[in-house]
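First comes the structure, then the notes that go with it.
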Amino acid sequence: MRRLLLNAILFIIHKHHHVAHGNAIDYEDFASILSSEADIETNAIADGSTTEKVSVWWDNTIDFSWDEAYRLEDDVRNRRGLRGGEGEQIDATTPPRRRMKNKLAKGKNKARPKPPQTKEALYPFLVCDHSKGKSGYDRMKEVQQAASKWTVVLLNGSQRTCFLTGTTASIADYLDDNDFAVIPFTSSMKMRLGVLEEMHYLMDSQKELDVKLAVQVAPWTVLDDDSETLNDTAENILNDIKDMLNVRQNRNLEAGGQRKLSERFEVLAVRTQNADNRAQIWHRGLSDDNKCSNLFDSLSFELDEDDLVVTYIFDQEEVSIDCATSFLASLAVQKDVVSISLSTSVETMNVEAQWITQSGKEDERPWFDAGLTGKGQVVSVSDTGLDVDNCYFWDATGEVDKDTKKDNDFSRRKVVQYYAHENGKEADLGHGTHVSGTIVGHKADDGKKESVGFADGVAKGAKVAFFDMGNDQGTNLSLPNDMTKLFKPGIEGAGAMIHNGSWGRLVHYDVISKAFDRFAYQNEDFLAVVAAGNLGNDAEAIIEPANAKNVIAVGASQSHGKDLYWYDKGMDYVAYFSSVGPTEDDRIKPDIVAPGRTLLSAGARQNKVGECDDNERPKVGDTIKNNVGLSFSQGTSMASPVVAGTAALVRQYFQDGYYPSGKPNAPDAMTPTAALMKAVILNGGQPLTGIDNVSSTKPSSPYDSAQGFGRLSLIDSLPLSGANSLQAKIVDRTEIANDETHTVTVQIDKQNGCDISDLSATLVWTDPPAASGCQACLLNDLDLYIDHVGGGNAEKHYPNGHGGKDDLNNVERIRFEVDHGESFEISVYASNLSTASQSYSLVVTGCLSSGGSSSAAPTPTPTSSPTPLPTDPGTKSIETTYDSDDHDSGVMFDITATHTVTIESMDIHVSSTSNEEIEIFTKIGSHEGFESSPKRWSRIGVLEVKGKGTNHHTPIPRYSFSPIRIDENKMQAFYITLCHSDTMLYTKGRKVGDIFVSNSDLAIHEGTGVGYPFTSTTKKRVFNGVLNYIVDGEGSGSTPTHELETTFDQKP
């Protein structure tokens, strides 16, 4: 309750922020970009009175940090002998920045300072570009050119784009005087909102838990060719802190001794009064009398290489609160640290659900009737544990091993993988068994023969890959600090592209949400479905990761029949406990609601095998015998798996070729992106009546903070032959560039028995990850709108219930009533992108004629048939050469298929041995003539890989990009490029288009070297690497059957 109250207070503080006018970055302006401890510091200083004290404190902290940045640059220049004029005298009594300003005033150094020669002098700055009429991507290029290539978008709006940039003080100062608004990152800006209070609360009240501080490391520290590793950076930060804290009593500045922490921590260094409670807390933490050696004795750290996060962990029973405060402040003053969060633990938060979500009509399950049960799909679940011998999962022929090997066994009836991140156990009536049962449970009394059960899952034909996070802390779960370790076992071991997380923690957008968004952005077929939270409708409290952009956040509605209490109002009402939105930056959450009020599902029994149904189906309130494998539970934890199971049905629908006819047709098979699955589910959402608070009700309507896009309804989402009259148009994997418009034209046809009254269109895109504490988290802004074509009605329709554009959400839906014969133009406009382009998905449903048109760029042919499971045989490989003699950022080349093939993964050749960001593009036909035409290409993958260096294969693994099918006798072009270096190796060829290597299945042609992105070109260059593929009809998998190889030798 205290944590809820604290977050409510912090929320109130934030709601009073406003954006300052002009280019200067004052406190209110910064607070509109990121939430931080500066919010609470300023609130304590103001003490409810005037803002004058706040302005003085803010200005002083900024000046203090400017001097710190200059001091760093001076120290580096002195150590490296880079000081300017011979015999230059340094006035040590004058603050460093004032010295620079004095030199500028005297006419010296009016030109832009030289770029930094070493990363040691780089300091984190906030740079805002207010250039008019430019996209965020254009502004980013300007800042990269003017300041540093190490530039990360923090906010992207129509009027300005703001960045975290690593550069020197002198360059930043120059930019601040030349059309950019620039301030250094102060210590208080780096600490996320509430981190100090939450750490103290944890140490006061939950002494059994370790303290974990998640530290975001500056990208320039570890992402250079000659850079240190993340582990090195973590150690260096600790060594500097040890020096600061251990020499404070016997320092000698004149002799080069270490400066005191209190002299580097601006929160206290510039305070004009120290009477308030927070100042006293900091004073005690920074006191020279603290003896903090015990902290380092118990300290350890874990690394998240993908997000560049170091999590420092210490046993609070060995450390005083004052020493913990000192450690927090010591982290904040590090130049290589840009964000600090408290990594608190996450907490756990169906037969009726089947028909409610499939048809909305009692006992009607048209998707099951059509053969759509989730067969061929694997859903990953992270939770407390799973009772694998409950009859809804039991396989009497054997079980998978509970280990951390990522192994799988697809012969198992239900559980194909059990990744034991924790103890591999499940308590009686445990959370994870109930959740998993709602998704995939299917009764088999004897562990072999399946039959209809009282609690069969929403996707009863699917299987589960389970990730065990349960520990002995009750509802608390042990989450990996590297979030990719949560997702990859299910993907790499079991091909599970849908993940359910019925857990979370009460914080705003932070490291967990950012990790979910990053993984989704880098793996566009991966969909995470998560619980919105159980904090009720009186507080705006969407939990993390439900406040992430690229997940489906699920609220809870009531159920039906025996799953209702006598006083419940039914499936058209939101449950009283379901958390309401919006998010802190006013995005719509939850996304969708599904039954979560008292659902019947599988019930774990520790000491029994094959526990199953009773003779009669129980109803809410009944006492269930302890030998029966069923249980009732409620919460958004129960609603989330309903949606995850439904997503498995949607994925099967596309992979089995049900679109567009509503019947299975193998030639129509495709693999949907996560954005498409999300668009389908939200597009069909139906309005609820209100919120049932037991003793009273509240009204609710679509797009509000309680129901989002409404109640899940599959029958209103996709065409299903014999079950509805709906038609749909789908656009998927389509790339759009800034200021570009794509259109789809539809005509309404109600003469063929279609009875759908509305036209509904939903646009979804997977947005890049935002910064922890973001106050405007959307980075790429697309707009959806619909115009009438012809006739006298010129009304323009806007999304999400607005009368104009939506610049907050990466989901936009328009729905309105239409008449027979009307025509409409549906437009997708790229309003403001922070990247070169953005991929999107669009779903349009209604009574649509078979005509219409589209201006969207061609979508690459998706994977035919379900995504192959990693253990199936059949993968083939073709290699060009590793005999390189030239390099650039990227290379374009063409492939011609002799037989129909699907490219699934590849190896490339880079000289770099550091982490490299890679983008992969494709287009139908040849690349020739389109080397500088990004609009004609579709991006299919964005990822980071560790370069293996010259003469070594650098793998781009399966699921890193969308598999591309190339039909027999067709040509497909690829563009593979590094984003931040030119270390892509290739070989000089003879003629663009000549076949360089071929086998019986395909040929690879000589291509073109291309700078990033789509810039300079060098003709006659040969791609160095390996393409891994499957031949249509020959199976799939990761075991090569043959290779065509040339040479691995590097030319001298």
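Starting from 1 in every chain, residues are counted up; chains themselves are A, B, ... following the order of the structure tokens, and ligands are numbered from 1 as listed.
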Item to check | Distance query region 706-712 of chain A at most 10 Å, only C-alpha atoms, self and fewer than 3 positions along chain excluded, as JSON, numbers by chain | outcome: {"A": [356, 357, 358, 359, 360, 536, 537, 540, 553, 554, 555, 556, 557, 571, 572, 573, 574, 575, 576, 578, 579, 580, 581, 582, 587, 588, 589, 590, 591, 592, 593, 594, 595, 642, 643, 646, 681, 682, 683, 684, 685, 686, 687, 688, 689, 690, 691, 699, 700, 701, 702, 703, 715, 716, 717, 800, 811, 812, 813]}
I need the chosen residues saved as a compact mmCIF listing (two decimals), in the first residue's frame, with C-alpha atoms.
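The resulting file, selection-v9.txt, is shown below:
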```txt
# COMPACT_ATOMS: atom_id res chain seq x y z
CA ILE A 356 -16.97 -15.44 -24.69
CA THR A 357 -13.83 -14.67 -26.70
CA GLN A 358 -14.75 -16.72 -29.80
CA SER A 359 -18.36 -15.70 -30.40
CA GLY A 360 -19.92 -13.90 -27.43
CA GLY A 536 -8.63 -1.19 -9.19
CA ASN A 537 -10.23 1.72 -10.96
CA GLU A 540 -4.11 5.27 -12.57
CA ALA A 553 -1.77 -5.16 -21.90
CA VAL A 554 -4.85 -7.03 -20.70
CA GLY A 555 -7.50 -5.85 -18.27
CA ALA A 556 -10.09 -8.13 -16.70
CA SER A 557 -13.80 -8.35 -17.42
CA MET A 571 -19.25 -10.36 -19.41
CA ASP A 572 -20.00 -6.78 -20.52
CA TYR A 573 -18.56 -5.28 -17.34
CA VAL A 574 -14.97 -4.59 -16.31
CA ALA A 575 -13.99 -6.30 -13.03
CA TYR A 576 -13.62 -4.04 -10.00
CA SER A 578 -8.71 -4.36 -12.99
CA SER A 579 -6.09 -1.58 -13.12
CA VAL A 580 -6.98 1.47 -15.16
CA GLY A 581 -4.79 3.76 -17.23
CA PRO A 582 -3.63 5.79 -18.88
CA ARG A 587 -1.11 6.31 -23.73
CA ILE A 588 -4.20 4.08 -23.82
CA LYS A 589 -3.87 1.11 -21.44
CA PRO A 590 -5.13 -1.53 -20.98
CA ASP A 591 -5.21 -2.43 -24.67
CA ILE A 592 -7.98 -5.02 -24.41
CA VAL A 593 -10.01 -6.77 -21.70
CA ALA A 594 -10.88 -10.46 -21.36
CA PRO A 595 -12.55 -12.65 -18.74
CA VAL A 642 -7.05 -15.76 -22.34
CA VAL A 643 -5.60 -13.24 -24.82
CA THR A 646 -6.41 -16.29 -28.53
CA ILE A 681 -7.17 -8.55 -31.69
CA LEU A 682 -7.69 -4.84 -30.98
CA ASN A 683 -9.57 -4.19 -34.20
CA GLY A 684 -12.29 -6.66 -33.15
CA GLY A 685 -12.65 -5.38 -29.58
CA GLN A 686 -16.28 -4.80 -28.55
CA PRO A 687 -17.50 -2.05 -26.20
CA LEU A 688 -18.29 -2.85 -22.57
CA THR A 689 -21.09 -1.24 -20.58
CA GLY A 690 -19.27 -0.23 -17.42
CA ILE A 691 -17.19 -1.15 -14.38
CA PRO A 699 -19.89 3.91 -16.96
CA SER A 700 -17.15 2.97 -19.43
CA SER A 701 -16.72 3.50 -23.15
CA PRO A 702 -14.18 2.52 -25.86
CA TYR A 703 -10.70 4.06 -25.61
CA ILE A 715 -15.89 -13.38 -34.35
CA ASP A 716 -15.56 -9.62 -34.94
CA SER A 717 -11.86 -9.83 -35.78
CA ASN A 800 -9.10 6.48 -30.96
CA VAL A 811 -2.15 1.66 -31.92
CA GLU A 812 -4.78 3.66 -33.84
CA ARG A 813 -8.31 2.42 -34.57
```
Next on the checklist: Run DSSP on the backbone and tell me which residues of region 618-840 of chain A come out as strand (DSSP E or B); list them as a count of residues only.
Outcome noted: 71
Item to check | All residues 10 Å or closer to Leu295 (chain A), only C-alpha atoms, same chain fewer than 5 positions away omitted, as a list in words | outcome: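 That gives Ser300, Ile313, Phe314, Asp315, Gln316, Glu317, Glu318, Val319, Ser320, Cys323, Ala324 and Phe327 of chain A.
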Just to be explicit: take each residue in the selection above, keep all heavy atoms, and write the result as a compact mmCIF listing (two decimals), in the first residue's frame.
```txt
# COMPACT_ATOMS: atom_id res chain seq x y z
N SER A 300 27.73 -7.77 -5.68
CA SER A 300 27.96 -8.51 -6.93
C SER A 300 27.21 -7.77 -8.03
O SER A 300 26.48 -6.82 -7.77
CB SER A 300 27.46 -9.95 -6.82
OG SER A 300 26.05 -9.98 -6.59
N ILE A 313 24.02 -5.75 -6.98
CA ILE A 313 23.21 -6.46 -6.00
C ILE A 313 23.97 -6.53 -4.69
O ILE A 313 25.15 -6.87 -4.66
CB ILE A 313 22.89 -7.89 -6.49
CG1 ILE A 313 22.27 -7.85 -7.90
CG2 ILE A 313 21.97 -8.61 -5.51
CD1 ILE A 313 22.23 -9.20 -8.58
N PHE A 314 23.29 -6.17 -3.58
CA PHE A 314 23.92 -6.35 -2.27
C PHE A 314 22.89 -6.84 -1.26
O PHE A 314 21.69 -6.59 -1.38
CB PHE A 314 24.63 -5.09 -1.79
CG PHE A 314 23.76 -3.87 -1.64
CD1 PHE A 314 23.04 -3.64 -0.48
CD2 PHE A 314 23.68 -2.94 -2.67
CE1 PHE A 314 22.25 -2.51 -0.35
CE2 PHE A 314 22.90 -1.80 -2.54
CZ PHE A 314 22.18 -1.59 -1.37
N ASP A 315 23.39 -7.57 -0.28
CA ASP A 315 22.57 -8.12 0.81
C ASP A 315 22.34 -7.00 1.82
O ASP A 315 23.27 -6.56 2.49
CB ASP A 315 23.31 -9.30 1.45
CG ASP A 315 22.51 -9.96 2.56
OD1 ASP A 315 21.46 -9.40 2.95
OD2 ASP A 315 22.93 -11.03 3.04
N GLN A 316 21.09 -6.57 1.94
CA GLN A 316 20.83 -5.40 2.79
C GLN A 316 21.06 -5.68 4.26
O GLN A 316 21.27 -4.74 5.04
CB GLN A 316 19.41 -4.90 2.56
CG GLN A 316 18.31 -5.89 2.86
CD GLN A 316 16.96 -5.21 2.88
OE1 GLN A 316 16.74 -4.30 3.67
NE2 GLN A 316 16.08 -5.63 2.00
N GLU A 317 21.08 -6.94 4.67
CA GLU A 317 21.35 -7.23 6.07
C GLU A 317 22.80 -6.92 6.44
O GLU A 317 23.14 -6.78 7.61
CB GLU A 317 21.03 -8.70 6.37
CG GLU A 317 19.53 -9.01 6.28
CD GLU A 317 19.22 -10.44 6.68
OE1 GLU A 317 20.19 -11.22 6.86
OE2 GLU A 317 18.03 -10.77 6.81
N GLU A 318 23.66 -6.81 5.42
CA GLU A 318 25.07 -6.51 5.65
C GLU A 318 25.40 -5.04 5.43
O GLU A 318 26.54 -4.63 5.61
CB GLU A 318 25.94 -7.36 4.71
CG GLU A 318 25.73 -8.86 4.82
CD GLU A 318 26.16 -9.40 6.18
OE1 GLU A 318 27.11 -8.83 6.74
OE2 GLU A 318 25.54 -10.36 6.66
N VAL A 319 24.40 -4.24 5.02
CA VAL A 319 24.67 -2.86 4.61
C VAL A 319 23.69 -1.92 5.29
O VAL A 319 22.49 -2.19 5.35
CB VAL A 319 24.53 -2.73 3.07
CG1 VAL A 319 24.75 -1.30 2.62
CG2 VAL A 319 25.51 -3.66 2.37
N SER A 320 24.20 -0.80 5.79
CA SER A 320 23.32 0.20 6.41
C SER A 320 22.61 1.01 5.34
O SER A 320 23.04 1.08 4.19
CB SER A 320 24.13 1.13 7.31
OG SER A 320 24.96 1.98 6.51
N CYS A 323 24.90 3.70 3.98
CA CYS A 323 25.87 3.23 2.99
C CYS A 323 25.19 2.95 1.65
O CYS A 323 25.78 3.20 0.59
CB CYS A 323 26.57 1.97 3.49
SG CYS A 323 27.86 2.31 4.73
N ALA A 324 23.97 2.44 1.69
CA ALA A 324 23.23 2.23 0.45
C ALA A 324 22.98 3.55 -0.24
O ALA A 324 23.09 3.67 -1.47
CB ALA A 324 21.91 1.51 0.74
N PHE A 327 26.16 4.67 -1.85
CA PHE A 327 26.43 3.92 -3.08
C PHE A 327 25.57 4.44 -4.22
O PHE A 327 26.05 4.59 -5.36
CB PHE A 327 26.17 2.43 -2.83
CG PHE A 327 26.50 1.56 -4.02
CD1 PHE A 327 27.80 1.47 -4.49
CD2 PHE A 327 25.51 0.82 -4.65
CE1 PHE A 327 28.11 0.67 -5.59
CE2 PHE A 327 25.81 0.02 -5.74
CZ PHE A 327 27.12 -0.06 -6.20
```
Item to check | Point-to-point distance from CA of Thr583 (chain A) to CA of Val507 (chain A), Å rounded to tenths | outcome: 10.3 Å
Checklist entry - Got a sec: who's within 7 Å of region 454-463 of chain A, counting only C-alpha atoms, leaving out chain neighbours fewer than 3 positions off, as a ChimeraX atom specification? => result /A:350-351,354,373-379,414-416,437-443,600-602,613,617,642,645-646,648-649
Next on the checklist: Report, in Å to a single decimal, how far apart CA of Trp220 (chain A) and CA of Phe180 (chain A) are.
Outcome noted: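 Taking CA of Phe180 (chain A) and CA of Trp220 (chain A), their separation equals 21.2 Å.
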Checklist entry - Which neighbours of region 765-769 of chain A fall inside 7 Å, counting only C-alpha atoms, when residues of the same chain fewer than 3 positions from it are skipped, and could you give them as a list in words? => result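 Final neighbour list, sorted by chain and number: Lys514, Asp517, Arg518, Tyr521, Lys549, Asn550, Ala675, Leu779, Asn780, Asn810, Ser839, Tyr840 and Ser841 of chain A.
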Preceding selection exported with N, CA and C atoms as an mmCIF file, in the first residue's frame:
```cif
data_model
loop_
_atom_site.group_PDB
_atom_site.id
_atom_site.type_symbol
_atom_site.label_atom_id
_atom_site.label_comp_id
_atom_site.auth_asym_id
_atom_site.auth_seq_id
_atom_site.Cartn_x
_atom_site.Cartn_y
_atom_site.Cartn_z
ATOM 1 N N LYS A 514 11.200 -1.226 -21.128
ATOM 2 C CA LYS A 514 12.149 -0.913 -22.200
ATOM 3 C C LYS A 514 12.703 -2.191 -22.811
ATOM 4 N N ASP A 517 10.067 -3.768 -25.024
ATOM 5 C CA ASP A 517 9.948 -3.029 -26.288
ATOM 6 C C ASP A 517 11.146 -3.266 -27.197
ATOM 7 N N ARG A 518 12.329 -3.314 -26.627
ATOM 8 C CA ARG A 518 13.524 -3.532 -27.445
ATOM 9 C C ARG A 518 13.487 -4.916 -28.090
ATOM 10 N N TYR A 521 11.023 -4.967 -30.854
ATOM 11 C CA TYR A 521 11.492 -4.178 -31.996
ATOM 12 C C TYR A 521 12.529 -4.944 -32.803
ATOM 13 N N LYS A 549 5.097 -0.289 -24.913
ATOM 14 C CA LYS A 549 4.346 0.068 -26.130
ATOM 15 C C LYS A 549 4.016 -1.141 -26.985
ATOM 16 N N ASN A 550 4.897 -2.131 -27.017
ATOM 17 C CA ASN A 550 4.803 -3.199 -28.002
ATOM 18 C C ASN A 550 4.234 -4.495 -27.449
ATOM 19 N N ALA A 675 2.788 -7.217 -34.720
ATOM 20 C CA ALA A 675 1.949 -6.038 -34.929
ATOM 21 C C ALA A 675 0.638 -6.417 -35.599
ATOM 22 N N LEU A 779 8.221 7.205 -30.206
ATOM 23 C CA LEU A 779 9.358 7.752 -30.945
ATOM 24 C C LEU A 779 9.092 7.873 -32.439
ATOM 25 N N ASN A 780 8.285 6.996 -32.992
ATOM 26 C CA ASN A 780 7.900 7.083 -34.406
ATOM 27 C C ASN A 780 6.395 7.303 -34.480
ATOM 28 N N ASN A 810 0.924 3.922 -30.366
ATOM 29 C CA ASN A 810 1.332 3.173 -31.561
ATOM 30 C C ASN A 810 0.266 2.155 -31.949
ATOM 31 N N SER A 839 8.169 -0.041 -40.062
ATOM 32 C CA SER A 839 7.291 -1.099 -40.549
ATOM 33 C C SER A 839 5.968 -1.031 -39.802
ATOM 34 N N TYR A 840 4.868 -1.341 -40.495
ATOM 35 C CA TYR A 840 3.563 -1.288 -39.842
ATOM 36 C C TYR A 840 2.674 -2.410 -40.335
ATOM 37 N N SER A 841 1.560 -2.611 -39.629
ATOM 38 C CA SER A 841 0.514 -3.556 -40.015
ATOM 39 C C SER A 841 -0.823 -2.843 -39.953
#
```
